[in-house]
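See structure below.
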Amino acid sequence: MTATHCPYCSLQCGMTLTPRPETDGGGYEVTGTNFPTNRGGLCEKGLSSAELLAHPDRLTTPLVRDHRDEPFRAATWDEALARVVDGLTVAQERYGRDAAGLFGGGGLTNEKAYQAGKFVRVALRSAAIDYNGRFCMSSAAAASNKAFGIDRGLPFPLSDIARADTVLLVGSNPADTMPPAMRWFAAGRERGARHIVVDPRYTATAAASDVHLQPVPGTDLALANGLLHLAIKLRLIDTAYVADRTTGWDAVRRAARQYWPDRVERITGVPVRVMERTVRLLAESRATMILSARGAEQHAKGSDTALAWINLALALGLPGRPYSGWATVTGQGNGQGGREHGQKADQLPGYRMLADPAARAHVAGVWGVDPDELPQPGLSAYEMLDRLGTDGGVRALMVMASNVVVSAPRAEHVRERLRSLDFLVVSDMFLSETAELADVVLPCAQWAEEEGTMTNLEGRVLRRRRAVPMPEGVRSDLEVLHELAVRLGRGEHFSADPETVFEELGRASAGGKADYAGISYARIEAERGVFWPCPTPEHEGTPRLFRERFPTPDGRARFHVVHHRAAAESPDDEYPYRLTTGRSRPHYQSGTQTRRTKALLDAEPGPAVEIHPDLAARLGLADGADVRLRTRRGSARMRVRLTSGIRTDTVFAPFHWGDDQTVNALTNPALDPASRMPEFKVCAVALDVTTGEDPGS
Ligand SMILES: Nc1nc2c(c(=O)[nH]1)N[C@H]1C(S)=C(S)[C@@H](COP(=O)(O)OP(=O)(O)OC[C@H]3O[C@@H](n4cnc5c(=O)[nH]c(N)nc54)[C@H](O)[C@@H]3O)O[C@H]1N2
Ligand SMILES: Nc1nc2c(c(=O)[nH]1)N[C@H]1C(S)=C(S)[C@@H](COP(=O)(O)OP(=O)(O)OC[C@H]3O[C@@H](n4cnc5c(=O)[nH]c(N)nc54)[C@H](O)[C@@H]3O)O[C@H]1N2
Ligand code: SF4
Ligand SMILES: [Mo]
């Protein structure tokens, strides 16, 4: 029996894997452990995760092919890696260094994320690296950095939620996306805490709360400004806090005048009296939290929206107060660590910036290279995908831990761009929809088969331990990157040993914002995780941030003036409804893993689009009917699920499915100017009633 952590979301629930006797079907029994975040709890995804370790679809040998229209054939690692090196170097010789690139993932361990960033900058000497976290945390990250000078999802331990008197969740549905976290919300409510949910749908999370605000998708910024306007009018501002701990209030106070309640009700659809009740609950409790997630952030104005809620939190004096503050709920398993160690286009380890000469000098020193050798910042995730195969774009791409054909916006276009590449290599445990397009597929180890560290939603660095042997034929991404570096003639700069890489990562991060220098494998083990920043072995780590000061040059948090604007696409005669997208409880992300898990597939065998019965009646759609969703970018087919919990002008669909059920065939790649986040959460859609078996034709 070995204690490790779940392969899926950022809660990183503690679990043990125990071999089950062959007489009992074999495989592994998964049990939740008493880790501080999940306290024994696991959701159905974690519980069923071990089924994939020995799944019949599991890749256990590299696959190659000479032409994309041929089937794959099994190859040796030697041949596959030789092809990868050849694909990358030929593209670089033909088109320049930046023609070879890597698309990474927030599910990768800290060690792998660090190694991926270093591999691209040092072994390939290319600028072309970004990752799927751009589609996840980037708006919240941009806002946190601007306002607080640091980007750590929760600036307090998860269990603090139980101690808050008022919690507002904006665009966050933990009852489905992090079920075991609900214990902390439930504990708060038992103490009498009030919970408020802002979501166009009446979610399971909303059902467990006291107040539900149901805005038009894409209007959270106006709502936050409207609440601020009311807080000023009702004299609820914490003026002492604003004076002592912040800058920029006067301009924000003036800007808030434009958000008088009637106007905000017209924009958002939230009644004035509900806004008044909300702002009183927020201001009049001793400990108040505002928690943000993808619903508010995955917009072309996602970073300004996050800033608007931060403005409200600062005006009410919340950040740094006990059991209070603004926070964002990180998503992927290593969504937090994945954004700290340099797999982002503009970033170096320790959350340093690639364009900063001092940062370049420090990291180049640790890497043993000349700072001038390091490339400058490259393109963000969608921009990289959009330009694949074009002049100045990437021609040979490695995809590691992302299934972009399903999860990137405007997915059909992304598929076309991938097809236009000279060379595509995908590392995955399964033949994902993206791997199906590749020239070379590398079979990677699964979470429980290798050592590494993850940084959970609280900024707690934890050890994901090897619990089971790695099947023959697969390799860890860490080893693969090391071996490729060796073959590219840069092997002396790389290691394949996780602990060695972690120690180097610590040195590279030293003095940076996300400082891991004092964290070691032994400490993580002994202390059940260590919170960064942790600059020295003597430092105890930092569970709570902002107590005395903010990590800005003057120690103060910064207000920012932000204004409402319409979504990039609004409903019209041709596309009359709003589509928003997100998650359903049994499935995870692009579905590569959970669509292969029996219990999860039984629980939800296909995607369902949620439609209000009034809208359905107007369209003549019955529950369970087939419907085709159509936008300016493409179409997708789905089953109808009637629910009176959704707005009548909005439909919701999950993005966990591929082929002609790919929701991202529909979504709008309009990008946030600061974070480069696509507008996953709102676009204009038409619903076509279909008949029978093949609604597409
Ligand atoms: N079951 C499951 N759990 C997961 C994942 C998964 O794929 N499946 N993925 C993990 C990852 S990577 C992430 S990032 C997290 C995401 O976790 P969440 O952010 O909780 O999940 P989402 O479903 O994307 O979005 C949350 C809510 O936003 C609402 N919403 C949509 N548009 C708007 C809007 O304009 N404004 C507001 N206020 N709300 C809106 C949706 O109705 C939805 O209920 O979940 C993690 N956990
Ligand atoms: N419409 C819409 N689209 C969205 C979102 C939305 O809300 N709506 N949410 C966005 C968000 S928040 C996110 S995080 C993205 C996520 O979307 P993706 O980036 O596609 O994430 P996953 O499905 O987790 O992809 C992980 C892939 O890597 C494989 N994998 C898992 N672990 C490893 C590993 O250690 N190494 C390697 N090499 N492979 C591994 C898995 O089998 C899977 O195929 O989707 C985004 N797309
Ligand atoms: S909540 Fe997240 S970490 Fe916990 S078991 Fe479920 S998927 Fe795994
Ligand atoms: Mo995410």
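We name chains A, B, ... following the order of the structure tokens; residues begin at 1 in each chain, and ligands are numbered from 1 as shown.
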Check: Can I get the residues close to ligand 1 as a VMD selection string, where close means within 6 Å and we count only C-alpha atoms and all ligand atoms?
Finding: chain A and resid 9 136 170 to 174 176 to 178 198 to 201 203 217 to 218 220 293 to 296 331 to 332 580 582 to 589 681
With N, CA, C and O atoms kept, could you save the residues just selected as a compact mmCIF listing (two decimals), in the first residue's frame?
# COMPACT_ATOMS: atom_id res chain seq x y z
N CYS A 9 -7.80 16.54 -10.52
CA CYS A 9 -7.85 18.00 -10.34
C CYS A 9 -6.91 18.55 -9.25
O CYS A 9 -6.23 17.82 -8.55
N CYS A 136 -6.83 28.08 -18.77
CA CYS A 136 -7.36 27.73 -17.45
C CYS A 136 -7.18 28.87 -16.47
O CYS A 136 -8.12 29.55 -16.10
N VAL A 170 -17.97 33.04 -7.56
CA VAL A 170 -18.36 33.59 -8.86
C VAL A 170 -17.81 32.68 -9.96
O VAL A 170 -16.60 32.51 -10.10
N GLY A 171 -18.73 32.05 -10.70
CA GLY A 171 -18.33 31.16 -11.79
C GLY A 171 -17.55 29.96 -11.30
O GLY A 171 -16.58 29.55 -11.94
N SER A 172 -17.96 29.40 -10.20
CA SER A 172 -17.25 28.27 -9.60
C SER A 172 -18.28 27.26 -9.13
O SER A 172 -19.23 27.62 -8.44
N ASN A 173 -18.07 26.02 -9.50
CA ASN A 173 -19.05 24.97 -9.19
C ASN A 173 -18.38 23.77 -8.51
O ASN A 173 -18.38 22.66 -9.03
N PRO A 174 -17.78 24.00 -7.33
CA PRO A 174 -17.01 22.91 -6.71
C PRO A 174 -17.83 21.66 -6.38
O PRO A 174 -17.26 20.58 -6.29
N ASP A 176 -19.51 20.00 -8.27
CA ASP A 176 -19.23 19.08 -9.38
C ASP A 176 -17.75 18.98 -9.72
O ASP A 176 -17.30 17.97 -10.23
N THR A 177 -17.01 20.07 -9.51
CA THR A 177 -15.62 20.07 -9.97
C THR A 177 -14.60 19.70 -8.90
O THR A 177 -13.47 19.36 -9.23
N MET A 178 -14.98 19.77 -7.63
CA MET A 178 -14.11 19.35 -6.53
C MET A 178 -14.94 18.85 -5.36
O MET A 178 -14.88 19.39 -4.25
N VAL A 198 -22.74 32.94 -7.84
CA VAL A 198 -23.02 33.72 -9.05
C VAL A 198 -22.78 32.81 -10.24
O VAL A 198 -21.62 32.46 -10.54
N ASP A 199 -23.84 32.37 -10.89
CA ASP A 199 -23.71 31.39 -11.97
C ASP A 199 -24.98 31.45 -12.82
O ASP A 199 -26.08 31.47 -12.27
N PRO A 200 -24.86 31.47 -14.15
CA PRO A 200 -26.07 31.47 -14.98
C PRO A 200 -26.91 30.20 -14.80
O PRO A 200 -28.05 30.15 -15.26
N ARG A 201 -26.32 29.20 -14.15
CA ARG A 201 -27.06 27.96 -13.89
C ARG A 201 -27.28 27.81 -12.39
O ARG A 201 -26.41 28.18 -11.59
N THR A 203 -26.62 25.53 -10.11
CA THR A 203 -25.77 24.34 -10.01
C THR A 203 -25.98 23.64 -8.68
O THR A 203 -26.64 24.17 -7.77
N PRO A 217 -24.34 35.33 -19.04
CA PRO A 217 -22.91 35.01 -19.15
C PRO A 217 -22.12 36.21 -19.68
O PRO A 217 -22.58 36.93 -20.57
N GLY A 218 -20.95 36.40 -19.10
CA GLY A 218 -20.08 37.48 -19.57
C GLY A 218 -20.40 38.84 -18.98
O GLY A 218 -19.92 39.85 -19.50
N ASP A 220 -20.12 39.46 -15.43
CA ASP A 220 -19.64 39.47 -14.05
C ASP A 220 -18.88 40.75 -13.70
O ASP A 220 -18.87 41.18 -12.55
N ALA A 293 -13.68 31.39 -10.25
CA ALA A 293 -13.16 30.28 -11.05
C ALA A 293 -13.47 30.53 -12.52
O ALA A 293 -13.71 31.68 -12.93
N ARG A 294 -13.49 29.47 -13.30
CA ARG A 294 -13.47 29.63 -14.75
C ARG A 294 -14.70 30.35 -15.30
O ARG A 294 -14.63 31.01 -16.33
N GLY A 295 -15.83 30.25 -14.62
CA GLY A 295 -17.03 30.91 -15.13
C GLY A 295 -16.85 32.41 -15.30
O GLY A 295 -17.37 33.01 -16.25
N ALA A 296 -16.11 33.03 -14.39
CA ALA A 296 -15.87 34.47 -14.48
C ALA A 296 -14.63 34.78 -15.31
O ALA A 296 -14.49 35.90 -15.82
N GLY A 331 -7.49 24.80 -11.25
CA GLY A 331 -8.21 23.67 -11.82
C GLY A 331 -7.45 22.37 -11.97
O GLY A 331 -7.79 21.35 -11.38
N GLN A 332 -6.38 22.39 -12.79
CA GLN A 332 -5.72 21.13 -13.12
C GLN A 332 -4.87 20.63 -11.96
O GLN A 332 -4.47 21.41 -11.09
N THR A 580 -22.78 28.68 -23.11
CA THR A 580 -21.65 28.64 -22.19
C THR A 580 -21.26 27.18 -21.97
O THR A 580 -22.05 26.27 -22.24
N GLY A 582 -18.53 24.13 -19.85
CA GLY A 582 -17.84 23.82 -18.60
C GLY A 582 -17.81 22.33 -18.36
O GLY A 582 -17.67 21.55 -19.30
N ARG A 583 -17.99 21.96 -17.09
CA ARG A 583 -17.74 20.57 -16.70
C ARG A 583 -18.98 19.86 -16.20
O ARG A 583 -19.87 20.46 -15.62
N SER A 584 -18.96 18.54 -16.39
CA SER A 584 -19.94 17.73 -15.69
C SER A 584 -19.16 16.85 -14.71
O SER A 584 -17.98 16.57 -14.91
N ARG A 585 -19.83 16.45 -13.66
CA ARG A 585 -19.13 15.84 -12.54
C ARG A 585 -18.35 14.56 -12.89
O ARG A 585 -17.19 14.41 -12.47
N PRO A 586 -18.89 13.63 -13.66
CA PRO A 586 -18.14 12.38 -13.85
C PRO A 586 -16.95 12.48 -14.79
O PRO A 586 -16.10 11.59 -14.78
N HIS A 587 -16.88 13.52 -15.63
CA HIS A 587 -15.83 13.52 -16.65
C HIS A 587 -14.79 14.58 -16.40
O HIS A 587 -15.04 15.57 -15.71
N TYR A 588 -13.61 14.32 -16.98
CA TYR A 588 -12.48 15.20 -16.73
C TYR A 588 -11.94 15.72 -18.05
O TYR A 588 -11.54 14.94 -18.93
N GLN A 589 -11.96 17.05 -18.20
CA GLN A 589 -11.29 17.74 -19.30
C GLN A 589 -11.65 17.15 -20.65
O GLN A 589 -12.81 16.91 -20.95
N LYS A 681 -16.44 30.84 -22.35
CA LYS A 681 -17.66 30.85 -21.56
C LYS A 681 -18.80 31.64 -22.17
O LYS A 681 -19.86 31.71 -21.56
Next item on the list: Report the residues of range 161-278 of chain A whose backbone DSSP state falls under helix (DSSP H, G or I), written as number ranges by chain.
Entry: A: 161-163, 174-177, 179-190, 204-207, 220-233, 239-245, 249-256, 261-268, 272-278
Among the residues of range 298-413 of chain A, find those DSSP assigns to strand (DSSP E or B) from the backbone and print them as a CSV table (one decimal) with all heavy atoms, in the first residue's frame.
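Result file is selection_35.csv:
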chain,number,residue,atom,x,y,z
A,325,GLY,N,-10.7,37.2,2.0
A,325,GLY,CA,-9.9,37.6,0.9
A,325,GLY,C,-10.6,37.2,-0.4
A,325,GLY,O,-11.7,36.7,-0.5
A,326,TRP,N,-9.8,37.6,-1.5
A,326,TRP,CA,-10.2,37.1,-2.9
A,326,TRP,C,-9.3,36.0,-3.2
A,326,TRP,O,-8.1,36.0,-2.9
A,326,TRP,CB,-10.0,38.2,-3.9
A,326,TRP,CG,-10.3,37.8,-5.3
A,326,TRP,CD1,-11.5,37.9,-6.0
A,326,TRP,CD2,-9.4,37.2,-6.2
A,326,TRP,NE1,-11.4,37.4,-7.2
A,326,TRP,CE2,-10.1,37.0,-7.4
A,326,TRP,CE3,-8.0,36.9,-6.2
A,326,TRP,CZ2,-9.5,36.4,-8.6
A,326,TRP,CZ3,-7.4,36.3,-7.3
A,326,TRP,CH2,-8.1,36.1,-8.5
A,327,ALA,N,-9.8,34.9,-3.9
A,327,ALA,CA,-9.0,33.8,-4.3
A,327,ALA,C,-9.5,33.2,-5.6
A,327,ALA,O,-10.7,33.4,-5.9
A,327,ALA,CB,-8.9,32.8,-3.2
A,328,THR,N,-8.7,32.5,-6.3
A,328,THR,CA,-9.1,31.8,-7.5
A,328,THR,C,-8.9,30.3,-7.2
A,328,THR,O,-7.9,29.9,-6.7
A,328,THR,CB,-8.5,32.3,-8.7
A,328,THR,OG1,-9.0,31.6,-9.8
A,328,THR,CG2,-7.0,32.2,-8.7
A,347,GLN,N,7.8,33.2,-19.5
A,347,GLN,CA,8.2,33.0,-18.1
A,347,GLN,C,9.4,32.1,-17.9
A,347,GLN,O,9.6,31.1,-18.7
A,347,GLN,CB,6.9,32.4,-17.5
A,347,GLN,CG,6.9,32.4,-16.0
A,347,GLN,CD,5.9,31.3,-15.6
A,347,GLN,OE1,6.0,30.2,-15.9
A,347,GLN,NE2,4.8,31.7,-14.8
A,348,LEU,N,10.1,32.3,-16.8
A,348,LEU,CA,11.2,31.4,-16.3
A,348,LEU,C,10.8,30.9,-15.0
A,348,LEU,O,9.9,31.4,-14.3
A,348,LEU,CB,12.5,32.2,-16.3
A,348,LEU,CG,13.1,32.6,-17.6
A,348,LEU,CD1,14.3,33.6,-17.4
A,348,LEU,CD2,13.6,31.3,-18.3
A,352,ARG,N,9.5,33.9,-12.6
A,352,ARG,CA,10.3,35.0,-13.1
A,352,ARG,C,9.9,35.3,-14.6
A,352,ARG,O,9.4,34.4,-15.3
A,352,ARG,CB,11.8,34.8,-13.1
A,352,ARG,CG,12.4,34.8,-11.7
A,352,ARG,CD,13.9,34.6,-11.8
A,352,ARG,NE,14.6,35.0,-10.6
A,352,ARG,CZ,14.8,34.2,-9.6
A,352,ARG,NH1,14.4,32.9,-9.7
A,352,ARG,NH2,15.5,34.6,-8.6
A,353,MET,N,10.1,36.5,-15.1
A,353,MET,CA,9.8,36.9,-16.4
A,353,MET,C,11.0,36.8,-17.4
A,353,MET,O,12.0,37.2,-17.1
A,353,MET,CB,9.2,38.3,-16.4
A,353,MET,CG,7.9,38.5,-15.6
A,353,MET,SD,6.7,37.1,-15.6
A,353,MET,CE,6.0,37.4,-17.2
A,396,ALA,N,7.3,22.0,-36.4
A,396,ALA,CA,7.4,20.7,-35.7
A,396,ALA,C,7.1,20.9,-34.2
A,396,ALA,O,7.7,21.6,-33.5
A,396,ALA,CB,8.9,20.2,-35.8
A,397,LEU,N,6.0,20.2,-33.8
A,397,LEU,CA,5.4,20.4,-32.5
A,397,LEU,C,5.4,19.1,-31.6
A,397,LEU,O,5.1,18.1,-32.1
A,397,LEU,CB,4.0,20.9,-32.6
A,397,LEU,CG,3.3,21.3,-31.3
A,397,LEU,CD1,3.9,22.5,-30.6
A,397,LEU,CD2,1.8,21.5,-31.6
A,398,MET,N,5.8,19.3,-30.4
A,398,MET,CA,5.6,18.2,-29.4
A,398,MET,C,4.4,18.6,-28.5
A,398,MET,O,4.4,19.8,-28.0
A,398,MET,CB,6.8,18.2,-28.4
A,398,MET,CG,8.1,17.6,-29.0
A,398,MET,SD,9.3,17.5,-27.7
A,398,MET,CE,8.8,16.0,-26.8
A,399,VAL,N,3.5,17.7,-28.3
A,399,VAL,CA,2.4,18.0,-27.4
A,399,VAL,C,2.5,17.0,-26.2
A,399,VAL,O,2.7,15.8,-26.4
A,399,VAL,CB,1.0,17.8,-28.1
A,399,VAL,CG1,-0.1,18.0,-27.1
A,399,VAL,CG2,0.9,18.7,-29.2
A,400,MET,N,2.6,17.6,-25.0
A,400,MET,CA,2.8,16.8,-23.8
A,400,MET,C,1.7,17.1,-22.8
A,400,MET,O,1.7,18.2,-22.3
A,400,MET,CB,4.2,17.2,-23.3
A,400,MET,CG,4.7,16.2,-22.3
A,400,MET,SD,6.5,16.5,-22.1
A,400,MET,CE,7.2,15.2,-23.1
Next item on the list: Skip range 647-651 of chain A itself and residues of its chain fewer than 3 positions away, then list as a PyMOL selection string all residues within 12 Å of it, counting only C-alpha atoms.
Entry: chain A and resi 199-203+213-218+268-270+570-572+575-582+608-619+627+629+638+640-644+654+663+681-687
Checklist line | Within 6 Å of ligand 2 (only C-alpha atoms and all ligand atoms), residues as a PyMOL selection string | finding: chain A and resi 107-108+132-133+135-136+332+400-404+407-408+427-430+432+444+581-582+589-593+655+663-664+680
Filtering to N, CA and C atoms, could you give me those residues as a PDB file, in the first residue's frame?
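Saved as out.pdb:
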ATOM      1  N   GLY A 107      -1.194  19.424 -16.041  1.00  0.00           N
ATOM      2  CA  GLY A 107      -1.269  18.166 -15.308  1.00  0.00           C
ATOM      3  C   GLY A 107       0.116  17.601 -15.054  1.00  0.00           C
ATOM      4  N   LEU A 108       1.121  18.171 -15.699  1.00  0.00           N
ATOM      5  CA  LEU A 108       2.496  17.678 -15.530  1.00  0.00           C
ATOM      6  C   LEU A 108       2.996  17.995 -14.124  1.00  0.00           C
ATOM      7  N   ASN A 132      -1.586  24.395 -21.751  1.00  0.00           N
ATOM      8  CA  ASN A 132      -3.039  24.497 -21.620  1.00  0.00           C
ATOM      9  C   ASN A 132      -3.486  25.323 -20.416  1.00  0.00           C
ATOM     10  N   GLY A 133      -2.585  25.633 -19.504  1.00  0.00           N
ATOM     11  CA  GLY A 133      -2.943  26.514 -18.394  1.00  0.00           C
ATOM     12  C   GLY A 133      -3.363  27.888 -18.885  1.00  0.00           C
ATOM     13  N   PHE A 135      -5.464  28.300 -21.028  1.00  0.00           N
ATOM     14  CA  PHE A 135      -6.913  28.169 -21.196  1.00  0.00           C
ATOM     15  C   PHE A 135      -7.618  28.059 -19.840  1.00  0.00           C
ATOM     16  N   CYS A 136      -6.831  28.079 -18.771  1.00  0.00           N
ATOM     17  CA  CYS A 136      -7.364  27.730 -17.454  1.00  0.00           C
ATOM     18  C   CYS A 136      -7.180  28.874 -16.466  1.00  0.00           C
ATOM     19  N   GLN A 332      -6.380  22.386 -12.787  1.00  0.00           N
ATOM     20  CA  GLN A 332      -5.718  21.127 -13.124  1.00  0.00           C
ATOM     21  C   GLN A 332      -4.875  20.626 -11.957  1.00  0.00           C
ATOM     22  N   MET A 400       2.555  17.588 -25.039  1.00  0.00           N
ATOM     23  CA  MET A 400       2.799  16.795 -23.843  1.00  0.00           C
ATOM     24  C   MET A 400       1.720  17.121 -22.817  1.00  0.00           C
ATOM     25  N   ALA A 401       0.778  16.199 -22.604  1.00  0.00           N
ATOM     26  CA  ALA A 401      -0.251  16.354 -21.572  1.00  0.00           C
ATOM     27  C   ALA A 401      -1.332  17.375 -21.917  1.00  0.00           C
ATOM     28  N   SER A 402      -1.759  17.369 -23.147  1.00  0.00           N
ATOM     29  CA  SER A 402      -2.931  18.159 -23.520  1.00  0.00           C
ATOM     30  C   SER A 402      -3.544  17.513 -24.753  1.00  0.00           C
ATOM     31  N   ASN A 403      -4.851  17.677 -24.871  1.00  0.00           N
ATOM     32  CA  ASN A 403      -5.579  17.091 -26.003  1.00  0.00           C
ATOM     33  C   ASN A 403      -6.284  18.241 -26.728  1.00  0.00           C
ATOM     34  N   VAL A 404      -5.472  19.043 -27.405  1.00  0.00           N
ATOM     35  CA  VAL A 404      -5.952  20.337 -27.918  1.00  0.00           C
ATOM     36  C   VAL A 404      -7.058  20.224 -28.958  1.00  0.00           C
ATOM     37  N   SER A 407      -9.881  20.341 -26.590  1.00  0.00           N
ATOM     38  CA  SER A 407      -9.979  21.351 -25.523  1.00  0.00           C
ATOM     39  C   SER A 407      -9.649  22.774 -25.942  1.00  0.00           C
ATOM     40  N   ALA A 408      -9.081  22.981 -27.118  1.00  0.00           N
ATOM     41  CA  ALA A 408      -8.769  24.357 -27.536  1.00  0.00           C
ATOM     42  C   ALA A 408      -9.986  24.962 -28.231  1.00  0.00           C
ATOM     43  N   SER A 427       2.952  12.944 -26.693  1.00  0.00           N
ATOM     44  CA  SER A 427       3.201  12.026 -25.583  1.00  0.00           C
ATOM     45  C   SER A 427       1.907  11.876 -24.798  1.00  0.00           C
ATOM     46  N   ASP A 428       1.430  10.665 -24.647  1.00  0.00           N
ATOM     47  CA  ASP A 428       0.174  10.429 -23.910  1.00  0.00           C
ATOM     48  C   ASP A 428       0.142   8.968 -23.479  1.00  0.00           C
ATOM     49  N   MET A 429      -0.772   8.656 -22.564  1.00  0.00           N
ATOM     50  CA  MET A 429      -0.956   7.253 -22.163  1.00  0.00           C
ATOM     51  C   MET A 429      -1.926   6.547 -23.088  1.00  0.00           C
ATOM     52  N   PHE A 430      -2.737   7.356 -23.777  1.00  0.00           N
ATOM     53  CA  PHE A 430      -3.769   6.816 -24.665  1.00  0.00           C
ATOM     54  C   PHE A 430      -3.685   7.530 -26.004  1.00  0.00           C
ATOM     55  N   SER A 432      -5.143   9.776 -27.788  1.00  0.00           N
ATOM     56  CA  SER A 432      -6.123  10.864 -27.707  1.00  0.00           C
ATOM     57  C   SER A 432      -6.449  11.339 -29.122  1.00  0.00           C
ATOM     58  N   CYS A 444       3.474   7.358 -22.433  1.00  0.00           N
ATOM     59  CA  CYS A 444       4.084   7.860 -21.197  1.00  0.00           C
ATOM     60  C   CYS A 444       3.558   7.115 -19.976  1.00  0.00           C
ATOM     61  N   THR A 581     -20.025  26.970 -21.541  1.00  0.00           N
ATOM     62  CA  THR A 581     -19.479  25.607 -21.491  1.00  0.00           C
ATOM     63  C   THR A 581     -18.782  25.378 -20.157  1.00  0.00           C
ATOM     64  N   GLY A 582     -18.534  24.125 -19.849  1.00  0.00           N
ATOM     65  CA  GLY A 582     -17.840  23.823 -18.598  1.00  0.00           C
ATOM     66  C   GLY A 582     -17.810  22.328 -18.359  1.00  0.00           C
ATOM     67  N   GLN A 589     -11.956  17.049 -18.199  1.00  0.00           N
ATOM     68  CA  GLN A 589     -11.288  17.736 -19.297  1.00  0.00           C
ATOM     69  C   GLN A 589     -11.647  17.147 -20.651  1.00  0.00           C
ATOM     70  N   SER A 590     -10.626  16.897 -21.474  1.00  0.00           N
ATOM     71  CA  SER A 590     -10.880  16.429 -22.831  1.00  0.00           C
ATOM     72  C   SER A 590     -11.380  14.986 -22.850  1.00  0.00           C
ATOM     73  N   GLY A 591     -11.470  14.354 -21.708  1.00  0.00           N
ATOM     74  CA  GLY A 591     -12.113  13.054 -21.612  1.00  0.00           C
ATOM     75  C   GLY A 591     -11.249  11.856 -21.976  1.00  0.00           C
ATOM     76  N   THR A 592      -9.995  12.092 -22.371  1.00  0.00           N
ATOM     77  CA  THR A 592      -9.135  10.974 -22.756  1.00  0.00           C
ATOM     78  C   THR A 592      -9.144   9.884 -21.690  1.00  0.00           C
ATOM     79  N   GLN A 593      -9.115  10.303 -20.439  1.00  0.00           N
ATOM     80  CA  GLN A 593      -9.057   9.333 -19.350  1.00  0.00           C
ATOM     81  C   GLN A 593     -10.457   8.874 -18.924  1.00  0.00           C
ATOM     82  N   PHE A 655     -17.421  20.115 -22.204  1.00  0.00           N
ATOM     83  CA  PHE A 655     -16.426  20.016 -23.293  1.00  0.00           C
ATOM     84  C   PHE A 655     -15.641  18.709 -23.258  1.00  0.00           C
ATOM     85  N   VAL A 663     -17.570  20.319 -28.186  1.00  0.00           N
ATOM     86  CA  VAL A 663     -18.133  21.651 -27.924  1.00  0.00           C
ATOM     87  C   VAL A 663     -17.204  22.749 -28.435  1.00  0.00           C
ATOM     88  N   ASN A 664     -15.923  22.468 -28.394  1.00  0.00           N
ATOM     89  CA  ASN A 664     -14.990  23.505 -28.845  1.00  0.00           C
ATOM     90  C   ASN A 664     -14.988  23.710 -30.360  1.00  0.00           C
ATOM     91  N   PHE A 680     -14.082  30.955 -23.778  1.00  0.00           N
ATOM     92  CA  PHE A 680     -14.781  29.665 -23.702  1.00  0.00           C
ATOM     93  C   PHE A 680     -16.200  29.801 -23.144  1.00  0.00           C
TER      94      PHE A 680
END
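Among all protein and nucleic acid residues, the ones that lie within 6 Å of ligand 3 when counting only C-alpha atoms and all ligand atoms are Cys6, Tyr8, Cys9, Ser10, Leu11, Gln12, Cys13, Leu42, Cys43, Lys45, Gly46, Met178, Pro179 and Pro180 of chain A.
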Item checked: Of the listed residues A:Leu227, A:Val242, A:Val329, A:Leu81, that which approaches ligand 4 most closely, counting only C-alpha atoms and all ligand atoms ->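 Closest to ligand 4, using only C-alpha atoms and all ligand atoms: A:Val329.
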Next item on the list: Within 8 Å of Val211 in chain A, counting only C-alpha atoms, which residues show up once you throw out same-chain ones fewer than 6 positions away? Write them as a PyMOL selection string, please.
Entry: chain A and resi 195-197+278
Output C-alpha atoms for every residue in the selection just made, as a PDB file, in the first residue's frame.
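That gives us out-v1.pdb:
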ATOM      1  CA  HIS A 195     -22.928  31.356   0.886  1.00  0.00           C
ATOM      2  CA  ILE A 196     -23.680  33.187  -2.353  1.00  0.00           C
ATOM      3  CA  VAL A 197     -23.279  31.698  -5.824  1.00  0.00           C
ATOM      4  CA  THR A 278     -25.375  40.429  -1.521  1.00  0.00           C
TER       5      THR A 278
END
Item checked: Option closest in space to ligand 4, from A:Leu457, A:Ile519, A:Val689, A:Leu221 [counting only C-alpha atoms and all ligand atoms] ->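 That would be A:Leu457, the residue with the smallest distance to ligand 4.
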Check: Contacts of Val486 in chain A at 12 Å or less, counting only C-alpha atoms, minus same-chain residues fewer than 5 places along, as a list in words?
Finding: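 Everything that qualifies: Leu81, Ala82, Val85, Phe119, Val122, Ala123, Leu124, Glu479, Val480, Leu481, Gly491, Glu492, His493, Phe494, Ser495 and Ala496 of chain A.
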